[in-house]
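To start, the structure itself, in structure tokens.
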Amino acid sequence: WSWVVVALTGCAVLAFGGMAVAERQHRADVAAKDAVGASAPAGDASRSPSATSGAAASARPKAAASDSASDAPSPSASSSATSSPSPSAPMTDPGVSHTVPASQLPPQVGAVFDSDGLGGVHHCTASVVDSPGKDLIVTAAHCLGTTSDLFVPGYHDGQAPYGIWHIQRIVTDSQWNADSDPDHDVAFAVVEPLNGKTVESVVGSYTLGTDQGTSDAVTVIGYPEVSDEAIACTDTVAAYSSTQLRIYCTGYSGGTSGSPWLVGPGSGDGSGGTVMGVIGGYEQGGDTDDVSYSVAFGSTVQSLYEQAVSDAAD
């Protein structure tokens with residue numbers, strides 16, 4: 001019988017050894033799948049509302065990392081070239097941003113620099129809106145703190161093709177001034193003339209649109225702080241709340257606060273259209289690069305615009 005016992009013992013050892021190998025292989029397979037899941041693009045996960053809040057912990061607001069509601073940047077001005085039509089921008093998948101070549105940059109959109117001008121950093125984006133005085137830009141309120149900063153329309157690769165423009169006056173809502181209410185994170189600025197010309201007469205403008213809804217595709221154009229080139233993206237928008245809109249577009253990192261949301265004819269390449277929002281509002285525009293917010297432009301923004309027009313005329 002001793003040989004039977006030995007044989008049975010050997011079989012048991014082999015069986016348990018096989019089970020151990022199988023268990024190690026199973027764990028390795030699980031670990032491999034987990035690693036693949038962990039390496040999936042963050043943008044994919046951020047498209048679900050539950051994932052957005054989780055990703056926010058490691059990301060920064062759309063304004064520069066140093067921006068805050070109480071210590072924010074501001075624009076100012078100078079220019080003199082004439083604008084020319086820009087060819088159609090390359091088409092990409094909805095929600096995917098692309099770099100805009102210099103030859104296709106809409107001159108109405110520009111970067112906001114600190115008081116050092118091109119020798120400093122650009123921390124936000126702004127755009128020119130049509131007005132009687134032809135001297136208004138619109139951006140996020142958290143981008144504008146004083147009139148010492150500069151607006152550079154059509155900026156690219158360290159160049160200011162339409163000049164560097166100074167700001168004369170900043171117009172923000174009283175509720176923003178009181179407590180930085182994200183539902184009022186919009187600002188207009190009166191831009192000083194340059195060489196006897198207004199900014200709108202040099203670069204053109206967009207129409208200000210209120211109560212536009214969410215049925216049309218929206219194109220967003222802005223300047224990431226880490227790049228000297230603008231990016232553009234087209235996608236549909238959705239209501240995040242009764243006062244805020246949301247869009248999924250990749251790559252809108254710090255510096256893109258104030259980027260215009262364009263709809264209507266010419267909006268696809270930025271050559272024309274209506275500004276119906278700017279990156280800002282909730283989380284100062286969003287804590288993740290692939291999800292951006294805007295105050296829903298309505299009667300309050302229209303009143304703010306009218307105040308800016310009145311101030312410009314004084």
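Convention: chains lettered A, B, ... in structure tokens order; per-chain residue numbering from 1; ligands numbered from 1 as shown.
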
Query - Secondary structure check, strand (DSSP E) residues of region 179-276 of chain A, as a PyMOL selection string - result: chain A and resi 187-191+207-208+218-222+231-235+237-239+244-248+260-263+274-276

Query - Residue list (helix (DSSP H, G or I), DSSP) for region 74-248 of chain A, as a list of chain:residue names - result: A:Ala102, A:Ser103, A:Gln104, A:Gly117, A:Leu118, A:Gly119, A:Ala141, A:His142, A:Cys143, A:Ser174, A:Gln175, A:Trp176, A:Asn177, A:Ala178, A:Asp179, A:Pro182, A:Asp183, A:His184, A:Val199, A:Glu200, A:Ser201, A:Val202, A:Val203

Query raised in the report: If you measure from CA of Val275 (chain A) to CA of Thr147 (chain A), what distance in Å do you get, rounded to one decimal?
Result: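 Calculated distance between CA of Val275 (chain A) and CA of Thr147 (chain A) is 22.9 Å.
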
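Residue nearest Lys134 (chain A), chosen from A:Ser148, A:Ser227, A:Gln108, A:Ser257 and counting only C-alpha atoms: A:Gln108.
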
Give me the region 222-310 of chain A side of the contact with region 140-144 of chain A, cut-off 8 Å, one line per residue showing its nearest atom pair and distance in Å at one decimal, counting only C-alpha atoms, sorted by chain and residue number, as CSV.
```
residue,atom,partner,partner_atom,distance
A:Ser257,CA,A:Ala140,CA,6.3
A:Gly258,CA,A:Ala140,CA,4.5
A:Val278,CA,A:Ala140,CA,6.5
A:Ile279,CA,A:Ala140,CA,6.8
A:Gly280,CA,A:Ala140,CA,5.5
A:Gly281,CA,A:Ala140,CA,7.8
A:Gln284,CA,A:His142,CA,7.3
```

Those same residues, written as a PDB file, in the first residue's frame with all heavy atoms?
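selection17.pdb, freshly written:
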```pdb
ATOM      1  N   SER A 257      -9.901  80.068 -21.220  1.00  0.00           N
ATOM      2  CA  SER A 257     -11.020  80.821 -20.664  1.00  0.00           C
ATOM      3  C   SER A 257     -11.301  82.033 -21.549  1.00  0.00           C
ATOM      4  O   SER A 257     -10.374  82.709 -22.001  1.00  0.00           O
ATOM      5  CB  SER A 257     -10.700  81.313 -19.252  1.00  0.00           C
ATOM      6  OG  SER A 257     -10.850  80.280 -18.318  1.00  0.00           O
ATOM      7  N   GLY A 258     -12.582  82.308 -21.777  1.00  0.00           N
ATOM      8  CA  GLY A 258     -12.973  83.432 -22.614  1.00  0.00           C
ATOM      9  C   GLY A 258     -13.122  83.082 -24.077  1.00  0.00           C
ATOM     10  O   GLY A 258     -13.591  83.911 -24.866  1.00  0.00           O
ATOM     11  N   VAL A 278     -18.991  82.002 -23.879  1.00  0.00           N
ATOM     12  CA  VAL A 278     -17.525  82.010 -23.764  1.00  0.00           C
ATOM     13  C   VAL A 278     -17.158  80.990 -22.693  1.00  0.00           C
ATOM     14  O   VAL A 278     -17.917  80.777 -21.745  1.00  0.00           O
ATOM     15  CB  VAL A 278     -16.954  83.395 -23.386  1.00  0.00           C
ATOM     16  CG1 VAL A 278     -17.223  84.425 -24.479  1.00  0.00           C
ATOM     17  CG2 VAL A 278     -17.495  83.878 -22.050  1.00  0.00           C
ATOM     18  N   ILE A 279     -16.001  80.363 -22.833  1.00  0.00           N
ATOM     19  CA  ILE A 279     -15.576  79.413 -21.799  1.00  0.00           C
ATOM     20  C   ILE A 279     -15.420  80.160 -20.477  1.00  0.00           C
ATOM     21  O   ILE A 279     -14.689  81.133 -20.374  1.00  0.00           O
ATOM     22  CB  ILE A 279     -14.260  78.714 -22.178  1.00  0.00           C
ATOM     23  CG1 ILE A 279     -14.492  77.747 -23.343  1.00  0.00           C
ATOM     24  CG2 ILE A 279     -13.695  77.954 -20.979  1.00  0.00           C
ATOM     25  CD1 ILE A 279     -13.258  76.964 -23.752  1.00  0.00           C
ATOM     26  N   GLY A 280     -16.140  79.701 -19.480  1.00  0.00           N
ATOM     27  CA  GLY A 280     -16.160  80.343 -18.177  1.00  0.00           C
ATOM     28  C   GLY A 280     -17.330  79.795 -17.385  1.00  0.00           C
ATOM     29  O   GLY A 280     -17.929  78.785 -17.752  1.00  0.00           O
ATOM     30  N   GLY A 281     -17.690  80.440 -16.298  1.00  0.00           N
ATOM     31  CA  GLY A 281     -18.840  79.988 -15.517  1.00  0.00           C
ATOM     32  C   GLY A 281     -18.467  78.911 -14.534  1.00  0.00           C
ATOM     33  O   GLY A 281     -17.550  79.073 -13.727  1.00  0.00           O
ATOM     34  N   GLN A 284     -14.925  77.918 -13.397  1.00  0.00           N
ATOM     35  CA  GLN A 284     -14.182  78.857 -14.243  1.00  0.00           C
ATOM     36  C   GLN A 284     -13.973  78.291 -15.643  1.00  0.00           C
ATOM     37  O   GLN A 284     -12.939  78.489 -16.279  1.00  0.00           O
ATOM     38  CB  GLN A 284     -12.840  79.239 -13.605  1.00  0.00           C
ATOM     39  CG  GLN A 284     -12.996  80.101 -12.357  1.00  0.00           C
ATOM     40  CD  GLN A 284     -11.696  80.735 -11.899  1.00  0.00           C
ATOM     41  OE1 GLN A 284     -10.640  80.547 -12.495  1.00  0.00           O
ATOM     42  NE2 GLN A 284     -11.763  81.491 -10.815  1.00  0.00           N
TER      43      GLN A 284
END
```

Please report as a tab-separated table every residue of region 215-299 of chain A lying within 12 Å of region 126-131 of chain A, along with the nearest atom pair and their distance in Å (one decimal), using only C-alpha atoms.
```
residue	atom	partner	partner_atom	distance
A:Val220	CA	A:Ser127	CA	11.2
A:Ile221	CA	A:Ser127	CA	9.5
A:Gly222	CA	A:Ala126	CA	8.0
A:Tyr223	CA	A:Ala126	CA	9.4
A:Ala230	CA	A:Ala126	CA	11.8
A:Gly255	CA	A:Ala126	CA	10.4
A:Thr256	CA	A:Ala126	CA	8.9
A:Ser257	CA	A:Ala126	CA	8.2
A:Gly258	CA	A:Ala126	CA	5.3
A:Ser259	CA	A:Ala126	CA	5.8
A:Pro260	CA	A:Ser127	CA	6.5
A:Trp261	CA	A:Ser127	CA	10.0
A:Leu262	CA	A:Ser127	CA	10.6
A:Gly270	CA	A:Ser127	CA	10.5
A:Ser271	CA	A:Ser127	CA	11.9
A:Gly272	CA	A:Val129	CA	10.6
A:Gly273	CA	A:Val129	CA	10.3
A:Thr274	CA	A:Val129	CA	8.7
A:Val275	CA	A:Val129	CA	7.8
A:Met276	CA	A:Val129	CA	10.9
A:Gly277	CA	A:Ser127	CA	11.0
A:Val278	CA	A:Ala126	CA	8.4
A:Ile279	CA	A:Ala126	CA	9.8
A:Gly280	CA	A:Ala126	CA	11.5
```

Report task. Counting only C-alpha atoms, figure out which residue out of A:Cys249, A:Ile231, A:Ala312, A:Val237 gets nearest to Val109 (chain A). Result ->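 Ranked by minimum distance to Val109 (chain A), first place goes to A:Ile231.
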
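With only C-alpha atoms taken into account, the protein and nucleic acid residues at most 9 Å from Leu304 (chain A) (excluding it and anything under 5 positions from it in its own chain) are Val171, Thr172, Asp173, Val186, Ala187, Phe188, Ser299 and Val309 of chain A.
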
Would you output that residue set with C-alpha atoms, as a PDB file, in the first residue's frame?
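New file part_26.pdb:
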```pdb
ATOM      1  CA  VAL A 171     -17.571  95.978 -17.629  1.00  0.00           C
ATOM      2  CA  THR A 172     -18.715  93.105 -15.380  1.00  0.00           C
ATOM      3  CA  ASP A 173     -21.995  92.315 -13.652  1.00  0.00           C
ATOM      4  CA  VAL A 186     -18.835  87.201 -18.499  1.00  0.00           C
ATOM      5  CA  ALA A 187     -17.098  90.514 -19.185  1.00  0.00           C
ATOM      6  CA  PHE A 188     -16.971  93.108 -21.924  1.00  0.00           C
ATOM      7  CA  SER A 299     -31.124  88.974 -20.899  1.00  0.00           C
ATOM      8  CA  VAL A 309     -21.884 100.204 -25.230  1.00  0.00           C
TER       9      VAL A 309
END
```

Query raised in the report: Of the candidates A:Gly119, A:Pro193, A:Gly110, A:Pro224, which shows the shortest atom-to-atom distance to Val152 (chain A), using only C-alpha atoms?
Result: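 Going through A:Gly119, A:Pro193, A:Gly110, A:Pro224 one by one, the smallest distance to Val152 (chain A) is for A:Gly110.
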
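Distance-wise, CA of Val203 (chain A) and CA of Tyr293 (chain A) end up 26.5 Å apart.
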
Report task. Identify which of the residues A:Ala111, A:Cys124, A:Leu208, A:Ile170 lies closest to Val191 (chain A), counting only C-alpha atoms when measuring atom-to-atom distances. Result ->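 Distance minimum relative to Val191 (chain A) lands on A:Ile170.
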
Query - Nearest-residue call for Thr300 (chain A), choices A:Glu192, A:Asp135, A:Asp185, A:Asp235, using only C-alpha atoms - result: A:Asp185
